[in-house]
Amino acid sequence: MVYDKANELAKDIQASDEYKAYTAAKDKAMQNETTVSLLKEYHKLQYAAQAAMVAGKQDDESLERLQKLGELLQMDRDASDFLIAEYQLNRMLGDIYKILAEAVEVDLSMLED
């Protein structure tokens, strides 16, 4: 029963406006090899910055590179649209996880700032 509901939720997510916008923006952005390379580098720097933050460290040089790369990607309409759609999809998924975690009383306070 729970797995059936999870599969139903997965289908609902795939039918959502957020997911449709994400896949359309991703398909468009991935047509340009330069954009693909820049997005890969951006995500790599983003994950490294998050890992450093969790570890209680701050790499100012990497954060500056991340910011400059983000500014560069904002000038590329396809990349910008992709990053916005990706953020909105991730926000929705995060909200869903939060709802599920609250339902089973999982403490997420360590994720809050």
# chains A, B, ... in the order shown; residues from 1 in each chain; ligands from 1
>>> select_by_dssp(residues="chain A", states="helix (DSSP H, G or I)", output="ChimeraX atom specification")
/A:2-14,17-29,33-54,60-74,77-103,109-111
>>> residues_around(residues="stretch 72-88 of chain A", least_positions_apart="3", cutoff="9 Å", atoms="only C-alpha atoms", output="ChimeraX atom specification")
/A:18-19,21-30,35-36,38-39,42,67-69,91-93
>>> atom_distance(atom1="atom CA of A:Val2", atom2="atom CA of A:Leu89")
22.9 Å
>>> decode(residues="stretch 24-39 of chain A", atoms="all heavy atoms", output="tab-separated table (two decimals), in the first residue's frame")
chain	number	residue	atom	x	y	z
A	24	ALA	N	11.90	20.22	-20.04
A	24	ALA	CA	11.97	21.05	-21.24
A	24	ALA	C	13.21	21.95	-21.21
A	24	ALA	O	13.93	22.07	-22.21
A	24	ALA	CB	10.70	21.89	-21.38
A	25	ALA	N	13.46	22.57	-20.06
A	25	ALA	CA	14.62	23.46	-19.92
A	25	ALA	C	15.91	22.66	-20.01
A	25	ALA	O	16.89	23.12	-20.62
A	25	ALA	CB	14.54	24.23	-18.61
A	26	LYS	N	15.93	21.49	-19.43
A	26	LYS	CA	17.13	20.64	-19.48
A	26	LYS	C	17.42	20.24	-20.92
A	26	LYS	O	18.57	20.32	-21.38
A	26	LYS	CB	16.94	19.41	-18.61
A	26	LYS	CG	18.15	18.50	-18.59
A	26	LYS	CD	17.93	17.30	-17.70
A	26	LYS	CE	19.12	16.38	-17.74
A	26	LYS	NZ	18.89	15.15	-16.98
A	27	ASP	N	16.41	19.78	-21.63
A	27	ASP	CA	16.60	19.37	-23.03
A	27	ASP	C	17.17	20.51	-23.86
A	27	ASP	O	18.08	20.31	-24.67
A	27	ASP	CB	15.28	18.89	-23.63
A	27	ASP	CG	14.81	17.55	-23.08
A	27	ASP	OD1	15.61	16.84	-22.42
A	27	ASP	OD2	13.63	17.22	-23.28
A	28	LYS	N	16.66	21.70	-23.65
A	28	LYS	CA	17.12	22.86	-24.41
A	28	LYS	C	18.56	23.24	-24.03
A	28	LYS	O	19.40	23.48	-24.90
A	28	LYS	CB	16.18	24.04	-24.20
A	28	LYS	CG	16.36	25.13	-25.20
A	28	LYS	CD	15.21	26.12	-25.14
A	28	LYS	CE	15.37	27.14	-26.24
A	28	LYS	NZ	14.35	28.16	-26.21
A	29	ALA	N	18.85	23.27	-22.74
A	29	ALA	CA	20.18	23.66	-22.27
A	29	ALA	C	21.25	22.65	-22.68
A	29	ALA	O	22.38	23.02	-22.99
A	29	ALA	CB	20.18	23.83	-20.75
A	30	MET	N	20.89	21.38	-22.74
A	30	MET	CA	21.86	20.33	-23.03
A	30	MET	C	22.21	20.24	-24.52
A	30	MET	O	23.04	19.44	-24.92
A	30	MET	CB	21.36	18.97	-22.53
A	30	MET	CG	21.18	18.91	-21.02
A	30	MET	SD	22.71	19.31	-20.14
A	30	MET	CE	22.07	19.97	-18.62
A	31	GLN	N	21.61	21.07	-25.34
A	31	GLN	CA	21.92	21.08	-26.76
A	31	GLN	C	23.23	21.80	-27.06
A	31	GLN	O	23.80	21.64	-28.13
A	31	GLN	CB	20.78	21.72	-27.55
A	31	GLN	CG	19.52	20.89	-27.56
A	31	GLN	CD	18.37	21.58	-28.27
A	31	GLN	OE1	18.53	22.63	-28.87
A	31	GLN	NE2	17.19	20.97	-28.19
A	32	ASN	N	23.71	22.60	-26.11
A	32	ASN	CA	24.93	23.38	-26.31
A	32	ASN	C	26.03	22.80	-25.42
A	32	ASN	O	25.91	22.79	-24.20
A	32	ASN	CB	24.64	24.84	-25.95
A	32	ASN	CG	25.83	25.73	-26.17
A	32	ASN	OD1	26.94	25.46	-25.73
A	32	ASN	ND2	25.60	26.85	-26.84
A	33	GLU	N	27.10	22.31	-26.04
A	33	GLU	CA	28.19	21.66	-25.30
A	33	GLU	C	28.85	22.60	-24.29
A	33	GLU	O	29.22	22.17	-23.20
A	33	GLU	CB	29.24	21.10	-26.26
A	33	GLU	CG	28.77	19.87	-27.01
A	33	GLU	CD	28.41	18.71	-26.09
A	33	GLU	OE1	29.15	18.44	-25.12
A	33	GLU	OE2	27.38	18.07	-26.34
A	34	THR	N	28.99	23.87	-24.63
A	34	THR	CA	29.59	24.84	-23.70
A	34	THR	C	28.71	25.00	-22.48
A	34	THR	O	29.20	25.00	-21.34
A	34	THR	CB	29.81	26.19	-24.40
A	34	THR	OG1	30.63	26.00	-25.54
A	34	THR	CG2	30.44	27.20	-23.45
A	35	THR	N	27.42	25.11	-22.70
A	35	THR	CA	26.47	25.23	-21.59
A	35	THR	C	26.52	23.99	-20.70
A	35	THR	O	26.53	24.10	-19.48
A	35	THR	CB	25.03	25.46	-22.12
A	35	THR	OG1	25.03	26.64	-22.92
A	35	THR	CG2	24.04	25.59	-20.99
A	36	VAL	N	26.59	22.83	-21.32
A	36	VAL	CA	26.68	21.57	-20.56
A	36	VAL	C	27.92	21.58	-19.67
A	36	VAL	O	27.84	21.26	-18.48
A	36	VAL	CB	26.69	20.34	-21.51
A	36	VAL	CG1	27.02	19.07	-20.76
A	36	VAL	CG2	25.36	20.20	-22.24
A	37	SER	N	29.05	21.96	-20.24
A	37	SER	CA	30.30	22.00	-19.46
A	37	SER	C	30.22	23.00	-18.31
A	37	SER	O	30.66	22.70	-17.19
A	37	SER	CB	31.48	22.38	-20.37
A	37	SER	OG	31.69	21.38	-21.32
A	38	LEU	N	29.66	24.17	-18.58
A	38	LEU	CA	29.54	25.18	-17.53
A	38	LEU	C	28.58	24.73	-16.43
A	38	LEU	O	28.85	24.95	-15.24
A	38	LEU	CB	29.07	26.51	-18.13
A	38	LEU	CG	30.06	27.23	-19.03
A	38	LEU	CD1	29.41	28.43	-19.71
A	38	LEU	CD2	31.29	27.66	-18.25
A	39	LEU	N	27.48	24.10	-16.81
A	39	LEU	CA	26.53	23.60	-15.81
A	39	LEU	C	27.15	22.49	-14.96
A	39	LEU	O	26.95	22.45	-13.74
A	39	LEU	CB	25.25	23.11	-16.48
A	39	LEU	CG	24.32	24.19	-16.99
A	39	LEU	CD1	23.25	23.61	-17.91
A	39	LEU	CD2	23.68	24.96	-15.83
